[in-house]
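Read the structure below first, then the notes.
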Amino acid sequence: MMTLDAIDQKAADLLDGYLVRKDLVRTFSRQFPVPTYVVEFLLGRYCASIDPEEIEEGLEIVQRQLTTRTVKAGEEELFKARAREDGEVKIIDLITARLDAKTDSFVATLPSLQLNNVRISSDLVNAHERMLTGGFYAEISLTYDAAIAQENNGRPFGVASLREIQLSKRDVLETLAAARSAFSTREWIDFLLRSIGIEPSSLSERERNAFMLRMVPFVERNYNLVELGPRGTGKSHLFQQVSPYAHLISGGKATVARMFVHMGTGQRGLVCQYDVVCFDEIAGVSFDQKDGVNIMKGYMESGEFSRGKESIRADGSIVMLGNFDVDVAHQQRIGHLFSPMPPTMKDDTAFMDRIHAFLPGWDVPKISASMLTDHFGLVSDFLSECWSRLRNQSRVNTIQNRVFFGGALSGRDTWAVNKTVSGLLKLLYPGQEDVSDEDLEWAVRIAMEVRRRVKEQQKRIGAAEFRNTHFSYVMGADGVEKFVSTPELQTENQIGTDPLEPGQVWTISPGSSEEYPGLYRIEINEGPGTGVKILNKPIPAAFRESMGYAEQNLYARAKQLVGDKDPRHHEFTVQLRAFDAAKSGAKLSMAALVALCTALLKKSVRGGLIIVGEINLGGSIEPIHNPVDIAENAVEKGAGALLMPVACRRLLFDLSDDMATRVDIQFYSDARDALLKAIVE
């Protein structure tokens, strides 16, 4: 017997009749072939109580109803025979319907009985239009007419009546809002997590936030969310099991007719019928028409699509789920985080720009038995009904004059962040209560991070217009500007403050017409022998050239650079490590020269320093065309200091004051000057 904690107790006092013990749900949903919300619907009807005796009685009824009304594999003929003998049988099934043009009548499909020509009246179909798109679960009275069975092509089975398995009470939101005021924010988040079956006590802050973010598409209209991460984290569970207002499409073809509108019949598609349309295993999804992705992009932008001349508005949110097969740091090194998307989407920055949030699926733990809650939570149909009602409200006005966004956010970024904040605040405050500064800042930080993650990937693909990703906000008119980063950027490619080992140097390539600037670390070891050996396979041609310049300058200026050591009697093995999408290692010869010298001198370069610039064969320093980009890049990578050719000084007047104060920029005039300024005193 579970013990009720403070949250259970509050919930029981305020939400009596809308609660269900979540461990009971699991016992049934494994036994019977129906989604969780169907089981909860029945549990909510018969077991919505904390009195153990009432629960026991209710459980017997639910067990009986599920046993007699759900069809397990192999029992189809048994139910059909029962319908024939008794004239009627009650079942719980997923019902869909279609128009049969030959007989000008509707027919229903009941998958669990393998019946696909069941008579159904047009009145019933018109009253429940979702039958025509994805269908829904219902309690169905199925009749059998022996006389019709005798006819040629007769359809003896018919749907006499049905009851949708979802709530149809009017004042659900008022009930929820009234209860919310008794909980602290932290308790309320925990209670929401329990309501979707998760026990929050063992979760970290980031894990909690990820689960909360998964709920936003249910409460925010036209919200576009991507979640990519490892398998087994329960990505599709919420979209498949918890709400009848969500529809899951698994891999394979997505037809434009089914998603949006059927050109022939004018039948509205999934985005009109459901609050959330979720693509599972997005990597395998393709559209049946060439312009399918464009229709989707248009819809994600404006919530509209056209059918012939008329324009149709819909407010279904789009969620895309996919699996990562590699670790995040590795994915960041070899490409970008949208790589698991289908080929038609993954490198399309315009498509990405329409995504309001990229949920870091790698922050969600794998779902294990210990993470599932045994406490009380809201019955799914009550919860999903509340979520559906919340879609008609917006909380964007809460942000106005309380939060000011920094200059790095474009119009679309602001729109995306506002939508996420609005959704999170609706979950936190289902009524129109006053939102505390702390809760508002919590929502803003999450919203900025998940949008910045989209922006960072666009930048990796190399689109110049997405260069500035330094998202910031100020709380209140006289607040301090705070920056929000995405944690996965702070990993391996973060430049620490510790001095590197001798022979190691951080550097940024200025890039070229084909390539974006990129961060590199040059690592050189010296030993007995002669010459320079580059270990990279294959050796990038541009880096081979830079290394050649560095080697020749080392030999020509050995006296000024390394004193009495003779570099010709040493062998240098070189490895170039790239930390961005850029791989060519172009124009890195000054950093390479400093690395050669420090390897020989056994001295370290200062911690947090990036050295840039190209020295040619004659020893002159070549001009850099984009020092502002490089300085911004250095700041983003966490550099404390940047050493550049003195000729860059005149070109840095475009660098924003904020950037200029965050990195110490120093200049060098020649190779010796650069080496002296780079080495730890």
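The way I read the labels, and the way they are meant: chains A, B, ... in the order of the structure tokens, residue 1 as the first residue of every chain, and ligand 1 as the first ligand shown, with later ones counted on from there.
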Practice item. For Ala639 (chain A), please output as JSON, numbers by chain all residues within 8 Å (counting only C-alpha atoms; exclusion window: fewer than 5 positions along the same chain). Key: {"A": [495, 496, 608, 609, 610, 634, 663]}
Selection near region 340-350 of chain A, 7 Å with only C-alpha atoms, sequence-local residues under 6 positions removed, as a CSV table (one decimal) with C-alpha atoms, in the first residue's frame:
chain,number,residue,atom,x,y,z
A,282,ILE,CA,11.3,11.3,-38.5
A,283,ALA,CA,14.4,10.0,-40.4
A,284,GLY,CA,12.1,7.6,-42.2
A,285,VAL,CA,9.4,10.1,-43.1
A,322,GLY,CA,14.0,11.0,-34.0
A,323,ASN,CA,16.9,8.9,-32.7
A,324,PHE,CA,20.6,9.8,-32.5
A,458,GLN,CA,21.8,26.9,-38.9
A,461,ILE,CA,25.5,24.8,-42.0
Name all residues at most 9 Å from region 116-120 of chain A (count only C-alpha atoms; drop same-chain ones fewer than 6 positions away) and give them as a compact mmCIF listing (two decimals) with N, CA, C and O atoms, in the first residue's frame.
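To be explicit, this is the file written out as selection32.txt:
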# COMPACT_ATOMS: atom_id res chain seq x y z
N ALA A 97 -13.82 5.70 -40.21
CA ALA A 97 -14.90 5.54 -41.18
C ALA A 97 -14.46 6.09 -42.52
O ALA A 97 -13.54 6.90 -42.61
N SER A 105 -22.76 5.41 -49.02
CA SER A 105 -23.00 5.33 -47.58
C SER A 105 -21.65 5.24 -46.87
O SER A 105 -20.63 4.95 -47.49
N PHE A 106 -21.68 5.51 -45.58
CA PHE A 106 -20.44 5.41 -44.80
C PHE A 106 -20.26 4.00 -44.27
O PHE A 106 -21.25 3.33 -43.93
N VAL A 107 -19.00 3.55 -44.23
CA VAL A 107 -18.71 2.28 -43.57
C VAL A 107 -17.59 2.52 -42.55
O VAL A 107 -16.71 3.35 -42.77
N ALA A 108 -17.66 1.78 -41.45
CA ALA A 108 -16.67 1.94 -40.40
C ALA A 108 -15.72 0.76 -40.39
O ALA A 108 -16.06 -0.34 -40.84
N THR A 109 -14.54 1.00 -39.86
CA THR A 109 -13.54 -0.07 -39.69
C THR A 109 -13.27 -0.25 -38.20
O THR A 109 -13.06 0.73 -37.48
N LEU A 110 -13.30 -1.52 -37.75
CA LEU A 110 -12.98 -1.85 -36.36
C LEU A 110 -11.80 -2.81 -36.38
O LEU A 110 -11.97 -4.01 -36.58
N LEU A 142 -22.02 -2.76 -31.08
CA LEU A 142 -21.97 -3.35 -32.41
C LEU A 142 -23.15 -4.32 -32.56
O LEU A 142 -23.31 -5.23 -31.75
N ARG A 155 -24.07 -6.28 -45.43
CA ARG A 155 -23.16 -5.91 -44.33
C ARG A 155 -23.90 -6.11 -43.02
O ARG A 155 -24.56 -5.19 -42.53
N PRO A 156 -23.77 -7.27 -42.44
CA PRO A 156 -24.59 -7.58 -41.26
C PRO A 156 -24.20 -6.77 -40.02
O PRO A 156 -25.04 -6.49 -39.17
N PHE A 157 -22.92 -6.39 -39.91
CA PHE A 157 -22.50 -5.66 -38.70
C PHE A 157 -22.79 -4.17 -38.84
O PHE A 157 -22.57 -3.58 -39.90
N GLY A 158 -23.26 -3.58 -37.75
CA GLY A 158 -23.53 -2.14 -37.78
C GLY A 158 -23.19 -1.51 -36.44
O GLY A 158 -23.24 -2.16 -35.39
N VAL A 159 -22.82 -0.21 -36.48
CA VAL A 159 -22.56 0.52 -35.24
C VAL A 159 -23.86 1.18 -34.81
O VAL A 159 -24.39 2.06 -35.50
N ALA A 160 -24.42 0.73 -33.67
CA ALA A 160 -25.69 1.28 -33.21
C ALA A 160 -25.46 2.61 -32.49
O ALA A 160 -26.19 3.58 -32.69
N SER A 161 -24.43 2.64 -31.65
CA SER A 161 -24.14 3.88 -30.92
C SER A 161 -22.68 3.84 -30.48
O SER A 161 -22.07 2.77 -30.47
Would you kindly return, as a short mmCIF file (atom, residue, chain, number, x, y, z; two decimals) with C-alpha atoms, in the first residue's frame, each protein, DNA or RNA residue with an atom no farther than 8 Å from any atom of region 538-548 of chain A, considering only C-alpha atoms and excluding same-chain residues fewer than 3 positions away?
data_model
loop_
_atom_site.label_atom_id
_atom_site.label_comp_id
_atom_site.auth_asym_id
_atom_site.auth_seq_id
_atom_site.Cartn_x
_atom_site.Cartn_y
_atom_site.Cartn_z
CA ILE A 534 51.35 15.46 -40.28
CA LEU A 535 49.37 12.56 -38.82
CA GLU A 551 58.30 25.02 -41.02
CA GLN A 552 60.26 27.27 -43.43
CA LYS A 583 37.81 20.92 -41.70
CA SER A 584 40.35 22.41 -44.17
CA GLY A 585 42.67 24.07 -41.63
CA ALA A 586 43.27 27.02 -43.96
CA LYS A 587 45.60 29.92 -43.01
CA LEU A 588 46.82 28.64 -39.65
CA SER A 589 50.58 29.09 -40.17
CA ALA A 592 51.50 26.35 -36.29
CA LEU A 593 54.78 28.27 -36.00
CA GLU A 614 48.97 33.51 -41.76
#
Ile196 (chain A) surroundings by only C-alpha atoms, 8 Å radius, close-in-sequence under 5 positions cut, as a PDB file with N, CA and C atoms, in the first residue's frame:
ATOM      1  N   LEU A 238       4.230  10.136 -24.679  1.00  0.00           N
ATOM      2  CA  LEU A 238       3.306  11.226 -24.366  1.00  0.00           C
ATOM      3  C   LEU A 238       2.357  11.485 -25.537  1.00  0.00           C
ATOM      4  N   VAL A 242      -1.098   9.468 -23.932  1.00  0.00           N
ATOM      5  CA  VAL A 242      -1.692  10.297 -22.891  1.00  0.00           C
ATOM      6  C   VAL A 242      -2.903  11.100 -23.356  1.00  0.00           C
ATOM      7  N   GLY A 377      -2.027  11.027  -9.969  1.00  0.00           N
ATOM      8  CA  GLY A 377      -1.868  12.079 -10.967  1.00  0.00           C
ATOM      9  C   GLY A 377      -3.233  12.346 -11.555  1.00  0.00           C
ATOM     10  N   SER A 380      -5.800  11.115 -17.444  1.00  0.00           N
ATOM     11  CA  SER A 380      -5.320  11.647 -18.720  1.00  0.00           C
ATOM     12  C   SER A 380      -6.377  12.424 -19.494  1.00  0.00           C
TER      13      SER A 380
END
Revision key, fill the gap. Judged by only C-alpha atoms, the minimum distance to Asn209 (chain A) among A:Asp434, A:Asp413, A:Asp363, A:Asp629 is found for A:Asp363
Review point. So how far away is CA of Pro33 (chain A) from CA of Asp280 (chain A), in Å?
Key: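 Going from CA of Asp280 (chain A) over to CA of Pro33 (chain A), I get 20.0 Å.
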Fewer than 3 positions away in the same chain doesn't count, so skip those; otherwise give me all residues within 12 Å of Ile630 (chain A), counting only C-alpha atoms, as a tab-separated table (two decimals) with N, CA, C and O atoms, in the first residue's frame.
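The new file selection01.tsv reads:
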chain	number	residue	atom	x	y	z
A	467	ARG	N	24.71	34.39	-37.97
A	467	ARG	CA	26.00	34.44	-37.32
A	467	ARG	C	25.90	34.70	-35.82
A	467	ARG	O	26.55	34.06	-35.02
A	468	ASN	N	25.07	35.67	-35.47
A	468	ASN	CA	25.04	36.06	-34.06
A	468	ASN	C	24.05	35.19	-33.28
A	468	ASN	O	22.85	35.33	-33.43
A	507	THR	N	43.49	27.77	-32.27
A	507	THR	CA	43.50	28.75	-33.36
A	507	THR	C	42.16	28.72	-34.09
A	507	THR	O	41.40	27.76	-33.94
A	508	ILE	N	41.88	29.80	-34.81
A	508	ILE	CA	40.65	29.85	-35.62
A	508	ILE	C	41.05	30.14	-37.06
A	508	ILE	O	41.79	31.09	-37.33
A	509	SER	N	40.56	29.31	-37.97
A	509	SER	CA	40.78	29.57	-39.39
A	509	SER	C	39.77	30.63	-39.84
A	509	SER	O	38.60	30.56	-39.47
A	510	PRO	N	40.22	31.62	-40.63
A	510	PRO	CA	39.27	32.65	-41.07
A	510	PRO	C	38.24	32.10	-42.06
A	510	PRO	O	37.28	32.79	-42.38
A	511	GLY	N	38.44	30.87	-42.52
A	511	GLY	CA	37.49	30.30	-43.48
A	511	GLY	C	37.79	30.80	-44.88
A	511	GLY	O	38.78	31.45	-45.14
A	516	TYR	N	33.09	28.09	-43.54
A	516	TYR	CA	32.86	28.99	-42.43
A	516	TYR	C	34.09	29.01	-41.53
A	516	TYR	O	34.82	28.03	-41.48
A	517	PRO	N	34.35	30.10	-40.78
A	517	PRO	CA	35.46	30.06	-39.82
A	517	PRO	C	35.28	28.90	-38.85
A	517	PRO	O	34.16	28.54	-38.52
A	518	GLY	N	36.39	28.32	-38.41
A	518	GLY	CA	36.27	27.17	-37.52
A	518	GLY	C	37.38	27.14	-36.49
A	518	GLY	O	38.49	27.63	-36.72
A	519	LEU	N	37.09	26.54	-35.35
A	519	LEU	CA	38.06	26.42	-34.26
A	519	LEU	C	38.88	25.14	-34.44
A	519	LEU	O	38.34	24.09	-34.77
A	610	ILE	N	43.69	32.26	-28.06
A	610	ILE	CA	43.58	31.80	-29.45
A	610	ILE	C	44.53	32.65	-30.30
A	610	ILE	O	44.54	33.89	-30.17
A	611	ILE	N	45.32	32.01	-31.16
A	611	ILE	CA	46.25	32.74	-32.03
A	611	ILE	C	45.77	32.60	-33.48
A	611	ILE	O	45.49	31.48	-33.93
A	612	VAL	N	45.67	33.72	-34.18
A	612	VAL	CA	45.24	33.63	-35.59
A	612	VAL	C	46.23	34.37	-36.48
A	612	VAL	O	46.96	35.25	-36.03
A	613	GLY	N	46.21	34.01	-37.75
A	613	GLY	CA	47.03	34.72	-38.73
A	613	GLY	C	47.84	33.78	-39.61
A	613	GLY	O	48.11	32.64	-39.23
A	624	ILE	N	43.92	39.63	-42.71
A	624	ILE	CA	42.75	38.77	-42.43
A	624	ILE	C	41.50	39.54	-42.84
A	624	ILE	O	41.35	40.71	-42.48
A	625	HIS	N	40.63	38.91	-43.61
A	625	HIS	CA	39.49	39.66	-44.17
A	625	HIS	C	38.30	39.79	-43.22
A	625	HIS	O	37.46	40.65	-43.38
A	626	ASN	N	38.21	38.91	-42.21
A	626	ASN	CA	36.99	38.93	-41.36
A	626	ASN	C	37.32	38.87	-39.87
A	626	ASN	O	36.84	37.99	-39.15
A	627	PRO	N	38.12	39.83	-39.36
A	627	PRO	CA	38.52	39.74	-37.94
A	627	PRO	C	37.34	39.81	-36.97
A	627	PRO	O	37.41	39.25	-35.88
A	633	ASN	N	33.63	34.55	-32.81
A	633	ASN	CA	33.81	33.11	-32.69
A	633	ASN	C	34.63	32.78	-31.43
A	633	ASN	O	34.32	31.85	-30.68
A	634	ALA	N	35.67	33.56	-31.21
A	634	ALA	CA	36.54	33.33	-30.05
A	634	ALA	C	35.76	33.50	-28.75
A	634	ALA	O	35.90	32.71	-27.81
A	635	VAL	N	34.91	34.53	-28.70
A	635	VAL	CA	34.10	34.77	-27.50
A	635	VAL	C	33.16	33.58	-27.27
A	635	VAL	O	33.02	33.06	-26.17
A	636	GLU	N	32.53	33.16	-28.36
A	636	GLU	CA	31.56	32.06	-28.25
A	636	GLU	C	32.23	30.78	-27.75
A	636	GLU	O	31.62	29.99	-27.02
A	637	LYS	N	33.47	30.57	-28.14
A	637	LYS	CA	34.16	29.35	-27.72
A	637	LYS	C	34.75	29.49	-26.32
A	637	LYS	O	35.43	28.58	-25.84
A	639	ALA	N	37.03	31.82	-25.25
A	639	ALA	CA	38.42	32.28	-25.16
A	639	ALA	C	38.51	33.50	-24.25
A	639	ALA	O	37.61	34.34	-24.22
A	641	ALA	N	41.51	35.39	-24.36
A	641	ALA	CA	42.37	36.33	-25.09
A	641	ALA	C	42.51	35.88	-26.54
A	641	ALA	O	42.42	34.70	-26.86
A	642	LEU	N	42.76	36.88	-27.40
A	642	LEU	CA	42.89	36.62	-28.83
A	642	LEU	C	44.10	37.39	-29.33
A	642	LEU	O	44.23	38.58	-29.06
A	643	LEU	N	44.98	36.70	-30.02
A	643	LEU	CA	46.20	37.33	-30.53
A	643	LEU	C	46.09	37.41	-32.04
A	643	LEU	O	45.98	36.37	-32.71
A	644	MET	N	46.11	38.65	-32.60
A	644	MET	CA	45.85	38.84	-34.03
A	644	MET	C	46.94	39.70	-34.66
A	644	MET	O	47.60	40.48	-33.96
A	648	CYS	N	44.77	44.00	-38.22
A	648	CYS	CA	43.33	43.78	-37.95
A	648	CYS	C	42.72	44.93	-37.15
A	648	CYS	O	41.50	45.08	-37.10
A	651	LEU	N	40.19	47.09	-38.63
A	651	LEU	CA	38.97	46.44	-39.14
A	651	LEU	C	38.02	46.01	-38.02
A	651	LEU	O	36.96	45.47	-38.28
A	652	LEU	N	38.43	46.24	-36.78
A	652	LEU	CA	37.61	45.72	-35.66
A	652	LEU	C	36.60	46.74	-35.14
A	652	LEU	O	35.95	46.49	-34.13
A	655	LEU	N	33.09	45.52	-34.28
A	655	LEU	CA	32.86	44.57	-33.18
A	655	LEU	C	32.02	45.27	-32.10
A	655	LEU	O	32.33	46.38	-31.69
A	659	MET	N	30.93	42.37	-27.20
A	659	MET	CA	31.96	41.38	-27.58
A	659	MET	C	33.35	41.88	-27.19
A	659	MET	O	34.18	41.12	-26.68
A	660	ALA	N	33.59	43.16	-27.44
A	660	ALA	CA	34.93	43.70	-27.19
A	660	ALA	C	35.30	43.63	-25.71
A	660	ALA	O	36.47	43.49	-25.36
A	663	VAL	N	36.52	39.70	-24.47
A	663	VAL	CA	37.76	39.01	-24.84
A	663	VAL	C	38.88	40.06	-24.91
A	663	VAL	O	38.66	41.19	-25.32
A	665	ILE	N	41.78	41.42	-26.67
A	665	ILE	CA	42.40	41.30	-28.01
A	665	ILE	C	43.77	41.96	-27.98
A	665	ILE	O	43.90	43.13	-27.59
Check your understanding: Quick one: DSSP helix (DSSP H, G or I) residues in region 89-218 of chain A, as a count of residues only?
Key -> 55
Exercise for review: Pick out the residues sitting within 9 Å of Thr255 (chain A), and hand them over as a VMD selection string; count only C-alpha atoms, and ignore anything fewer than 3 positions along from it in its own chain.
Suggested key: chain A and resid 258 to 260 286 to 289 292
Output for the residues just chosen: C-alpha atoms as a PDB file, in the first residue's frame:
ATOM      1  CA  ARG A 258      -3.926  12.947 -44.997  1.00  0.00           C
ATOM      2  CA  MET A 259      -1.845  15.669 -43.339  1.00  0.00           C
ATOM      3  CA  PHE A 260      -3.539  18.747 -44.774  1.00  0.00           C
ATOM      4  CA  SER A 286       8.953  11.258 -46.684  1.00  0.00           C
ATOM      5  CA  PHE A 287       6.098  13.007 -48.439  1.00  0.00           C
ATOM      6  CA  ASP A 288       4.206  11.472 -51.338  1.00  0.00           C
ATOM      7  CA  GLN A 289       4.381  14.722 -53.340  1.00  0.00           C
ATOM      8  CA  GLY A 292       5.040  18.082 -49.606  1.00  0.00           C
TER       9      GLY A 292
END
**Study point:** Of the listed residues A:Val219, A:Ala81, A:Leu378, A:Gly251, that which approaches Leu14 (chain A) most closely, counting only C-alpha atoms
**Key:** A:Leu378
**Study point:** Counting only C-alpha atoms, the option among A:Glu501, A:Glu207, A:Glu310, A:Asp478 closest to Trp362 (chain A)
**Key:** A:Glu207
